[in-house]
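> Could you have a look at this structure, given as structure tokens, before my questions?
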Amino acid sequence: MFKSALIVSTSIATLVWAGATQAGPVFLTGHDPDFHAQGSPGAQNLMRTMLNFVTSGTYAGGTTKFLFVESEISPPPGHLIGENGLNAIGLVEGVNYDEVDAAGLAALPNFSGYSAIVVASDFGGLLTDAEIRELVARKGAIGAFVNAGGGLAAFAECGVGFPNCIPDLVTPTTPLFGFVPVGVSSAPTTAPYMVTPYGASLGLTNGDINDPTHNSFGLTGGLNVVDTDAAGLATSLAGNISLPVPEPSTWATMLIGCGVLGGALRSRRKRLSIVT
């Protein structure tokens, strides 16, 4: 009985998944254009490129707003209000986007009605541990949003021990980019930066990405590399992703398998107690 349960549990771990019908646009970067767009034309072009990608070009028209996630604290030294980077390219809160902090995000029932979720930087902008953890708590909803065709953009997230940022808004355990529904990881970065052919196809140049930068990526989650740092690590990632969703019959198999496994474990414990 116990052996059979192990076979079932192994089958559960290797399920055949059914792909989602749509793919959402995702753009992640170690740059902080929310900060630098307030004075740099190159960062403004990066910001526009990212927003154009994740909203499928609708961000400037005001027909479908995106959601901007950032705290409302006063900027510590080295930071600016990231929202002002949106304003620097002509965007207006309530018309082009809505802004929420961690509390506002927790109160938001879902992301329907938005074209994309755009996350501020944690150095440069004002993203804090609280917003990141709330986003992680909503990771399943974010995945469903992307599967339905919604976009996701996130600016620089650098942590404690990174040599090129002040990680005063996060902690050593903050799950950087932990809300992204594919496997990516933040890593220290080294200037200068170079656009890949894919990045150039989006309209970016090396001049757009060589403002100070605060993280690269150790894992890329299957996304396309937009630009790289001097060590060859990806510094920006973009692509349309479709996350796997189990079929209803698969969920039934999982529940049956868990029941069988639980019964087998109870039976084995009883046998062990008799022997001892």
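Following the order of the structure tokens, first chain is A, next is B, and so on, with residues numbered from 1 inside each chain and ligands from 1 in the order they appear.
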From a backbone DSSP assignment, name each residue in stretch 43-117 of chain A labelled strand (DSSP E), as a ChimeraX atom specification.

/A:66-69,97-100,116-117

> As a PyMOL selection string, list the residues of stretch 38-127 of chain A assigned to helix (DSSP H, G or I) by DSSP on the backbone atoms of this structure.

chain A and resi 41-54+83-88+102-107

> Store the residues picked out above, limited to N, CA and C atoms, as an mmCIF file, in the first residue's frame.


data_model
loop_
_atom_site.group_PDB
_atom_site.id
_atom_site.type_symbol
_atom_site.label_atom_id
_atom_site.label_comp_id
_atom_site.auth_asym_id
_atom_site.auth_seq_id
_atom_site.Cartn_x
_atom_site.Cartn_y
_atom_site.Cartn_z
ATOM 1 N N PRO A 41 16.799 61.583 -20.796
ATOM 2 C CA PRO A 41 16.014 61.172 -21.972
ATOM 3 C C PRO A 41 16.143 59.674 -22.267
ATOM 4 N N GLY A 42 17.342 59.104 -22.014
ATOM 5 C CA GLY A 42 17.509 57.676 -22.239
ATOM 6 C C GLY A 42 16.619 56.848 -21.332
ATOM 7 N N ALA A 43 16.563 57.209 -20.059
ATOM 8 C CA ALA A 43 15.694 56.500 -19.118
ATOM 9 C C ALA A 43 14.225 56.692 -19.480
ATOM 10 N N GLN A 44 13.902 57.857 -20.013
ATOM 11 C CA GLN A 44 12.527 58.078 -20.455
ATOM 12 C C GLN A 44 12.181 57.138 -21.607
ATOM 13 N N ASN A 45 13.122 56.918 -22.512
ATOM 14 C CA ASN A 45 12.870 55.984 -23.611
ATOM 15 C C ASN A 45 12.727 54.558 -23.093
ATOM 16 N N LEU A 46 13.553 54.182 -22.102
ATOM 17 C CA LEU A 46 13.418 52.860 -21.501
ATOM 18 C C LEU A 46 12.050 52.711 -20.840
ATOM 19 N N MET A 47 11.619 53.743 -20.104
ATOM 20 C CA MET A 47 10.311 53.702 -19.453
ATOM 21 C C MET A 47 9.206 53.540 -20.492
ATOM 22 N N ARG A 48 9.243 54.335 -21.543
ATOM 23 C CA ARG A 48 8.209 54.235 -22.579
ATOM 24 C C ARG A 48 8.221 52.856 -23.245
ATOM 25 N N THR A 49 9.428 52.336 -23.493
ATOM 26 C CA THR A 49 9.550 51.025 -24.141
ATOM 27 C C THR A 49 8.944 49.938 -23.269
ATOM 28 N N MET A 50 9.249 49.971 -21.979
ATOM 29 C CA MET A 50 8.700 48.982 -21.056
ATOM 30 C C MET A 50 7.184 49.074 -20.986
ATOM 31 N N LEU A 51 6.670 50.288 -20.832
ATOM 32 C CA LEU A 51 5.218 50.464 -20.715
ATOM 33 C C LEU A 51 4.514 50.085 -22.012
ATOM 34 N N ASN A 52 5.103 50.437 -23.135
ATOM 35 C CA ASN A 52 4.521 50.058 -24.416
ATOM 36 C C ASN A 52 4.444 48.540 -24.545
ATOM 37 N N PHE A 53 5.510 47.852 -24.086
ATOM 38 C CA PHE A 53 5.556 46.395 -24.194
ATOM 39 C C PHE A 53 4.490 45.740 -23.319
ATOM 40 N N VAL A 54 4.394 46.151 -22.056
ATOM 41 C CA VAL A 54 3.510 45.426 -21.135
ATOM 42 C C VAL A 54 2.054 45.835 -21.251
ATOM 43 N N GLU A 83 6.876 57.596 -8.854
ATOM 44 C CA GLU A 83 5.726 58.038 -9.644
ATOM 45 C C GLU A 83 6.057 59.269 -10.476
ATOM 46 N N ASN A 84 6.982 60.092 -9.970
ATOM 47 C CA ASN A 84 7.346 61.300 -10.719
ATOM 48 C C ASN A 84 8.023 60.966 -12.039
ATOM 49 N N GLY A 85 8.606 59.752 -12.133
ATOM 50 C CA GLY A 85 9.153 59.309 -13.411
ATOM 51 C C GLY A 85 8.068 59.072 -14.437
ATOM 52 N N LEU A 86 6.901 58.603 -13.975
ATOM 53 C CA LEU A 86 5.756 58.462 -14.880
ATOM 54 C C LEU A 86 5.272 59.833 -15.336
ATOM 55 N N ASN A 87 5.220 60.758 -14.375
ATOM 56 C CA ASN A 87 4.767 62.110 -14.717
ATOM 57 C C ASN A 87 5.717 62.783 -15.690
ATOM 58 N N ALA A 88 7.022 62.417 -15.609
ATOM 59 C CA ALA A 88 8.022 63.041 -16.486
ATOM 60 C C ALA A 88 7.821 62.679 -17.948
ATOM 61 N N ALA A 102 1.320 49.010 -0.226
ATOM 62 C CA ALA A 102 1.033 47.660 0.254
ATOM 63 C C ALA A 102 -0.400 47.533 0.753
ATOM 64 N N ALA A 103 -0.867 48.529 1.526
ATOM 65 C CA ALA A 103 -2.229 48.468 2.061
ATOM 66 C C ALA A 103 -3.264 48.538 0.945
ATOM 67 N N GLY A 104 -3.039 49.429 -0.016
ATOM 68 C CA GLY A 104 -3.968 49.534 -1.138
ATOM 69 C C GLY A 104 -3.991 48.283 -1.978
ATOM 70 N N LEU A 105 -2.826 47.655 -2.126
ATOM 71 C CA LEU A 105 -2.747 46.412 -2.886
ATOM 72 C C LEU A 105 -3.510 45.300 -2.183
ATOM 73 N N ALA A 106 -3.377 45.233 -0.853
ATOM 74 C CA ALA A 106 -4.084 44.204 -0.087
ATOM 75 C C ALA A 106 -5.597 44.372 -0.176
ATOM 76 N N ALA A 107 -6.042 45.624 -0.302
ATOM 77 C CA ALA A 107 -7.484 45.897 -0.377
ATOM 78 C C ALA A 107 -8.047 45.702 -1.776
#

> Quick one: residues within 12 Å of A:Ser186, only C-alpha atoms, excluding same-chain residues fewer than 4 positions away - as an mmCIF file with N, CA and C atoms, in the first residue's frame?


data_model
loop_
_atom_site.group_PDB
_atom_site.id
_atom_site.type_symbol
_atom_site.label_atom_id
_atom_site.label_comp_id
_atom_site.auth_asym_id
_atom_site.auth_seq_id
_atom_site.Cartn_x
_atom_site.Cartn_y
_atom_site.Cartn_z
ATOM 1 N N LEU A 28 11.119 42.912 -17.145
ATOM 2 C CA LEU A 28 11.806 43.107 -15.868
ATOM 3 C C LEU A 28 13.153 43.766 -16.134
ATOM 4 N N THR A 29 13.568 44.658 -15.252
ATOM 5 C CA THR A 29 14.850 45.327 -15.475
ATOM 6 C C THR A 29 15.568 45.602 -14.169
ATOM 7 N N GLY A 30 16.905 45.590 -14.233
ATOM 8 C CA GLY A 30 17.726 46.016 -13.112
ATOM 9 C C GLY A 30 17.967 47.512 -13.098
ATOM 10 N N HIS A 31 17.505 48.202 -14.129
ATOM 11 C CA HIS A 31 17.587 49.659 -14.186
ATOM 12 C C HIS A 31 16.441 50.262 -13.372
ATOM 13 N N ALA A 154 8.548 45.328 -13.821
ATOM 14 C CA ALA A 154 9.158 45.588 -12.519
ATOM 15 C C ALA A 154 10.529 46.195 -12.734
ATOM 16 N N PHE A 155 10.803 47.266 -11.965
ATOM 17 C CA PHE A 155 12.076 47.959 -12.049
ATOM 18 C C PHE A 155 13.045 47.380 -11.020
ATOM 19 N N ALA A 156 14.219 47.974 -10.895
ATOM 20 C CA ALA A 156 15.323 47.416 -10.114
ATOM 21 C C ALA A 156 14.911 46.981 -8.707
ATOM 22 N N GLU A 157 15.364 45.785 -8.326
ATOM 23 C CA GLU A 157 15.241 45.299 -6.955
ATOM 24 C C GLU A 157 16.598 44.750 -6.535
ATOM 25 N N CYS A 158 17.283 45.500 -5.683
ATOM 26 C CA CYS A 158 18.604 45.086 -5.216
ATOM 27 C C CYS A 158 18.560 44.919 -3.711
ATOM 28 N N GLY A 159 19.359 43.991 -3.201
ATOM 29 C CA GLY A 159 19.252 43.611 -1.809
ATOM 30 C C GLY A 159 20.470 43.939 -0.975
ATOM 31 N N VAL A 160 20.403 43.531 0.276
ATOM 32 C CA VAL A 160 21.489 43.720 1.221
ATOM 33 C C VAL A 160 22.731 43.001 0.703
ATOM 34 N N GLY A 161 23.862 43.703 0.687
ATOM 35 C CA GLY A 161 25.097 43.122 0.181
ATOM 36 C C GLY A 161 25.389 43.441 -1.266
ATOM 37 N N PHE A 162 24.417 44.033 -1.977
ATOM 38 C CA PHE A 162 24.677 44.464 -3.343
ATOM 39 C C PHE A 162 25.562 45.712 -3.283
ATOM 40 N N THR A 174 14.000 39.856 2.234
ATOM 41 C CA THR A 174 12.989 40.292 1.266
ATOM 42 C C THR A 174 13.094 39.457 -0.009
ATOM 43 N N PRO A 175 12.000 38.842 -0.450
ATOM 44 C CA PRO A 175 12.046 37.988 -1.653
ATOM 45 C C PRO A 175 12.030 38.811 -2.934
ATOM 46 N N LEU A 176 13.186 39.318 -3.324
ATOM 47 C CA LEU A 176 13.277 40.195 -4.498
ATOM 48 C C LEU A 176 12.741 39.492 -5.741
ATOM 49 N N PHE A 177 11.865 40.169 -6.469
ATOM 50 C CA PHE A 177 11.195 39.633 -7.656
ATOM 51 C C PHE A 177 10.450 38.330 -7.352
ATOM 52 N N GLY A 178 10.133 38.084 -6.075
ATOM 53 C CA GLY A 178 9.463 36.837 -5.706
ATOM 54 C C GLY A 178 8.034 36.733 -6.194
ATOM 55 N N VAL A 180 7.144 37.473 -9.306
ATOM 56 C CA VAL A 180 7.145 37.197 -10.745
ATOM 57 C C VAL A 180 6.799 35.721 -10.950
ATOM 58 N N HIS A 214 21.126 48.760 -10.821
ATOM 59 C CA HIS A 214 21.210 48.222 -9.463
ATOM 60 C C HIS A 214 21.058 46.716 -9.327
ATOM 61 N N ASN A 215 20.662 46.029 -10.358
ATOM 62 C CA ASN A 215 20.729 44.566 -10.296
ATOM 63 C C ASN A 215 20.745 43.971 -11.696
ATOM 64 N N SER A 216 21.326 42.786 -11.790
ATOM 65 C CA SER A 216 21.196 41.936 -12.973
ATOM 66 C C SER A 216 20.375 40.724 -12.560
ATOM 67 N N PHE A 217 20.293 39.712 -13.419
ATOM 68 C CA PHE A 217 19.500 38.522 -13.129
ATOM 69 C C PHE A 217 20.361 37.276 -13.216
ATOM 70 N N GLY A 218 20.328 36.480 -12.130
ATOM 71 C CA GLY A 218 21.027 35.203 -12.140
ATOM 72 C C GLY A 218 20.237 34.140 -12.867
ATOM 73 N N LEU A 219 18.905 34.181 -12.739
ATOM 74 C CA LEU A 219 17.987 33.288 -13.460
ATOM 75 C C LEU A 219 17.097 34.156 -14.334
ATOM 76 N N THR A 220 16.786 33.672 -15.533
ATOM 77 C CA THR A 220 16.032 34.497 -16.484
ATOM 78 C C THR A 220 14.609 34.009 -16.730
ATOM 79 N N GLY A 221 14.231 32.859 -16.184
ATOM 80 C CA GLY A 221 12.852 32.401 -16.297
ATOM 81 C C GLY A 221 12.365 32.156 -17.706
ATOM 82 N N LEU A 233 25.823 38.946 -17.547
ATOM 83 C CA LEU A 233 24.529 38.627 -16.957
ATOM 84 C C LEU A 233 23.430 39.482 -17.583
ATOM 85 N N ALA A 234 22.235 38.918 -17.670
ATOM 86 C CA ALA A 234 21.097 39.684 -18.181
ATOM 87 C C ALA A 234 20.767 40.809 -17.206
ATOM 88 N N THR A 235 20.534 41.995 -17.728
ATOM 89 C CA THR A 235 20.163 43.135 -16.902
ATOM 90 C C THR A 235 18.714 43.542 -17.118
ATOM 91 N N SER A 236 18.147 43.191 -18.258
ATOM 92 C CA SER A 236 16.716 43.370 -18.506
ATOM 93 C C SER A 236 16.209 42.140 -19.242
ATOM 94 N N LEU A 237 14.959 41.795 -18.967
ATOM 95 C CA LEU A 237 14.324 40.612 -19.554
ATOM 96 C C LEU A 237 12.947 40.988 -20.066
#

> I'd like the contact shell of A:Asn147 - 8 Å cut-off, only C-alpha atoms, skipping same-chain residues fewer than 2 positions apart - returned as JSON, numbers by chain.

{"A": [20, 21, 22, 23, 24, 143, 144, 145, 149, 150, 241, 242, 243]}

> Pick out the closest residue to A:Leu126 from this set: A:Met194, A:Ile209, A:Val226, A:Ile81. Count only C-alpha atoms.

A:Ile81

> Go ahead and compute the interatomic distance for atom CA of A:Ile73 and atom CA of A:Ile132, in Å to one decimal.

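Separation between atom CA of A:Ile73 and atom CA of A:Ile132: 14.8 Å.
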
> If you count only C-alpha atoms, which residues fall within 8 Å of A:Glu99, apart from same-chain ones fewer than 6 positions away, as a ChimeraX atom specification?

/A:67-70,93

> Write out as a VMD selection string which residues come within 6 Å of A:Thr55 when counting only C-alpha atoms, dropping same-chain ones fewer than 6 positions away.

chain A and resid 115 to 116 151

> For C-alpha atoms, I'd like the residues from the last selection saved as a PDB file, in the first residue's frame.


ATOM      1  CA  SER A 115      -3.747  46.576 -18.678  1.00  0.00           C
ATOM      2  CA  ALA A 116      -0.652  45.860 -16.588  1.00  0.00           C
ATOM      3  CA  GLY A 151       1.200  42.724 -18.478  1.00  0.00           C
TER       4      GLY A 151
END
